[in-house]
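Here's the structure, in structure tokens; my notes come after.
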Amino acid sequence: MPRRRSRRRCADAERCISHLTVRNNRTDVQHTDNWGAVRSTITVDERFGEACLQGLEGFSHVEVLFIFDQFPEQDDYSEPRPYRGRSDLPPVGVFAGRGPRRPNRIGVTCCAIESVHGRELTVMGLDAVSGTPVIDLKPAMAEFSAVGIKQPEWVSRLMSEYFLP
């Protein structure tokens, strides 16, 4: 008879987060542009061991999934709103934007890997303020990257300064 593997289940989602936290020099959640030169360090909890990031140094980029924990949930998501609250931008539904004011409050950014040392990962361009909890890290692989992305013109205009230094 095959042996069943035990899987740890998490009843409380917060306990399931592996206690990774962003550390950088950005603390103002209202400062939303110029993330390109932001250097962030993510230290993985010691329960994962010193080799938990081994092999990640062979990749140029990593996808960082994190929680927008410093933003309150809105009361109503049913009406489209101007992106970033800007009246010069068209209204969009809650799932047509990537901002922090969303029901699931999950963010994801593909960042350049600067260094990997033991349980410490340093990346460039992570658009999360210091203290932000990280849910997961995934190496960026070309086969998972989208090709032929189409987006409205106003998005390119809006994002033109987002990742500038």
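Please note that chains go A, B, ... in the order of the structure tokens, that every chain numbers its residues from 1, and that ligands are numbered from 1 in the order shown.
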
Residues at most 10 Å from region 69-74 of chain A, counting only C-alpha atoms, excluding those fewer than 4 positions away in the same chain, as a short mmCIF file (atom, residue, chain, number, x, y, z; two decimals) with C-alpha atoms, in the first residue's frame?
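Below is the file around_1.cif, written as the result:
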data_model
loop_
_atom_site.label_atom_id
_atom_site.label_comp_id
_atom_site.auth_asym_id
_atom_site.auth_seq_id
_atom_site.Cartn_x
_atom_site.Cartn_y
_atom_site.Cartn_z
CA VAL A 29 2.65 54.24 0.22
CA PRO A 100 -3.23 48.12 -4.16
CA ARG A 101 -6.88 48.95 -3.52
CA ARG A 102 -8.34 45.59 -4.49
CA PRO A 103 -10.34 42.90 -2.71
CA ASN A 104 -7.55 40.31 -2.54
CA ARG A 105 -4.74 42.87 -1.98
CA ILE A 106 -2.18 40.65 -3.74
CA VAL A 129 7.27 49.56 0.58
CA GLY A 131 7.70 46.02 5.77
CA THR A 132 5.44 44.56 3.08
CA PRO A 133 4.82 40.83 3.62
#

*Show which residues sit within 9 Å of region 93-97 of chain A, as a PyMOL selection string. Count only C-alpha atoms, and ignore same-chain residues fewer than 4 positions away.*
chain A and resi 77-83+101-103

*Could you name the residues that touch Leu53 (chain A) at 12 Å or less, counting only C-alpha atoms, but leaving out those on the same chain fewer than 5 positions away, as number ranges by chain?*
A: 42-46, 48, 58-59, 62, 113, 115-122, 136-139

_Contacts of Thr27 (chain A) within 9 Å, only C-alpha atoms, excl. fewer than 3 positions in-chain, as a PyMOL selection string_ = chain A and resi 24+30-31+128-131

Include all heavy atoms and write out the residues we just selected as a PDB file, in the first residue's frame.
ATOM      1  N   ASN A  24      13.490  47.951   2.361  1.00  0.00           N
ATOM      2  CA  ASN A  24      14.068  48.919   1.433  1.00  0.00           C
ATOM      3  C   ASN A  24      13.936  50.313   2.029  1.00  0.00           C
ATOM      4  O   ASN A  24      13.532  50.456   3.189  1.00  0.00           O
ATOM      5  CB  ASN A  24      13.430  48.809   0.034  1.00  0.00           C
ATOM      6  CG  ASN A  24      11.935  49.069   0.026  1.00  0.00           C
ATOM      7  OD1 ASN A  24      11.412  49.858   0.805  1.00  0.00           O
ATOM      8  ND2 ASN A  24      11.217  48.375  -0.851  1.00  0.00           N
ATOM      9  N   GLN A  30       2.049  56.459  -0.612  1.00  0.00           N
ATOM     10  CA  GLN A  30       1.494  57.392  -1.585  1.00  0.00           C
ATOM     11  C   GLN A  30       2.491  57.735  -2.692  1.00  0.00           C
ATOM     12  O   GLN A  30       2.121  58.267  -3.718  1.00  0.00           O
ATOM     13  CB  GLN A  30       1.030  58.678  -0.882  1.00  0.00           C
ATOM     14  CG  GLN A  30      -0.018  58.446   0.181  1.00  0.00           C
ATOM     15  CD  GLN A  30      -1.234  57.681  -0.325  1.00  0.00           C
ATOM     16  OE1 GLN A  30      -1.731  57.921  -1.417  1.00  0.00           O
ATOM     17  NE2 GLN A  30      -1.710  56.743   0.473  1.00  0.00           N
ATOM     18  N   HIS A  31       3.786  57.464  -2.481  1.00  0.00           N
ATOM     19  CA  HIS A  31       4.821  57.712  -3.494  1.00  0.00           C
ATOM     20  C   HIS A  31       4.815  56.508  -4.434  1.00  0.00           C
ATOM     21  O   HIS A  31       5.411  55.472  -4.131  1.00  0.00           O
ATOM     22  CB  HIS A  31       6.171  57.883  -2.813  1.00  0.00           C
ATOM     23  CG  HIS A  31       7.276  58.211  -3.773  1.00  0.00           C
ATOM     24  ND1 HIS A  31       8.584  58.132  -3.429  1.00  0.00           N
ATOM     25  CD2 HIS A  31       7.268  58.599  -5.068  1.00  0.00           C
ATOM     26  CE1 HIS A  31       9.345  58.452  -4.456  1.00  0.00           C
ATOM     27  NE2 HIS A  31       8.557  58.737  -5.465  1.00  0.00           N
ATOM     28  N   ALA A 128       7.117  47.626  -3.704  1.00  0.00           N
ATOM     29  CA  ALA A 128       6.485  47.375  -2.417  1.00  0.00           C
ATOM     30  C   ALA A 128       7.284  48.122  -1.354  1.00  0.00           C
ATOM     31  O   ALA A 128       8.511  48.086  -1.368  1.00  0.00           O
ATOM     32  CB  ALA A 128       6.472  45.875  -2.113  1.00  0.00           C
ATOM     33  N   VAL A 129       6.591  48.785  -0.454  1.00  0.00           N
ATOM     34  CA  VAL A 129       7.272  49.558   0.583  1.00  0.00           C
ATOM     35  C   VAL A 129       7.867  48.643   1.645  1.00  0.00           C
ATOM     36  O   VAL A 129       7.483  47.478   1.780  1.00  0.00           O
ATOM     37  CB  VAL A 129       6.325  50.587   1.247  1.00  0.00           C
ATOM     38  CG1 VAL A 129       5.852  51.624   0.234  1.00  0.00           C
ATOM     39  CG2 VAL A 129       5.156  49.908   1.934  1.00  0.00           C
ATOM     40  N   SER A 130       8.804  49.173   2.389  1.00  0.00           N
ATOM     41  CA  SER A 130       9.471  48.418   3.440  1.00  0.00           C
ATOM     42  C   SER A 130       8.444  47.900   4.447  1.00  0.00           C
ATOM     43  O   SER A 130       7.527  48.611   4.842  1.00  0.00           O
ATOM     44  CB  SER A 130      10.490  49.309   4.147  1.00  0.00           C
ATOM     45  OG  SER A 130      11.374  48.534   4.909  1.00  0.00           O
ATOM     46  N   GLY A 131       8.617  46.639   4.832  1.00  0.00           N
ATOM     47  CA  GLY A 131       7.697  46.015   5.775  1.00  0.00           C
ATOM     48  C   GLY A 131       6.596  45.209   5.120  1.00  0.00           C
ATOM     49  O   GLY A 131       5.851  44.500   5.800  1.00  0.00           O
TER      50      GLY A 131
END

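Nearest to Pro90 (chain A) of all the residues A:Cys110, A:Leu164, A:Leu20, A:Leu158 is A:Leu158, counting only C-alpha atoms.
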
*d(CA of Arg157 (chain A), CA of Gly125 (chain A)) in Å*: 18.7 Å

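Note that the spacing between CA of Ile135 (chain A) and CA of Phe68 (chain A) amounts to 10.7 Å.
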
*Please, what distance in Å, to one decimal, runs between CA of Thr32 (chain A) and CA of Glu63 (chain A)?*
19.1 Å

*Identify all residues of region 7-164 of chain A in helix (DSSP H, G or I) (DSSP on the backbone) and supply them as a PyMOL selection string.*
chain A and resi 13-16+46-48+56-58+83-85+94-96+142-144+153-159

_Nearest candidate to Ala112 (chain A) (options A:Leu89, A:Ala146, A:Ala140, A:Ala51; using only C-alpha atoms)_ = A:Ala140
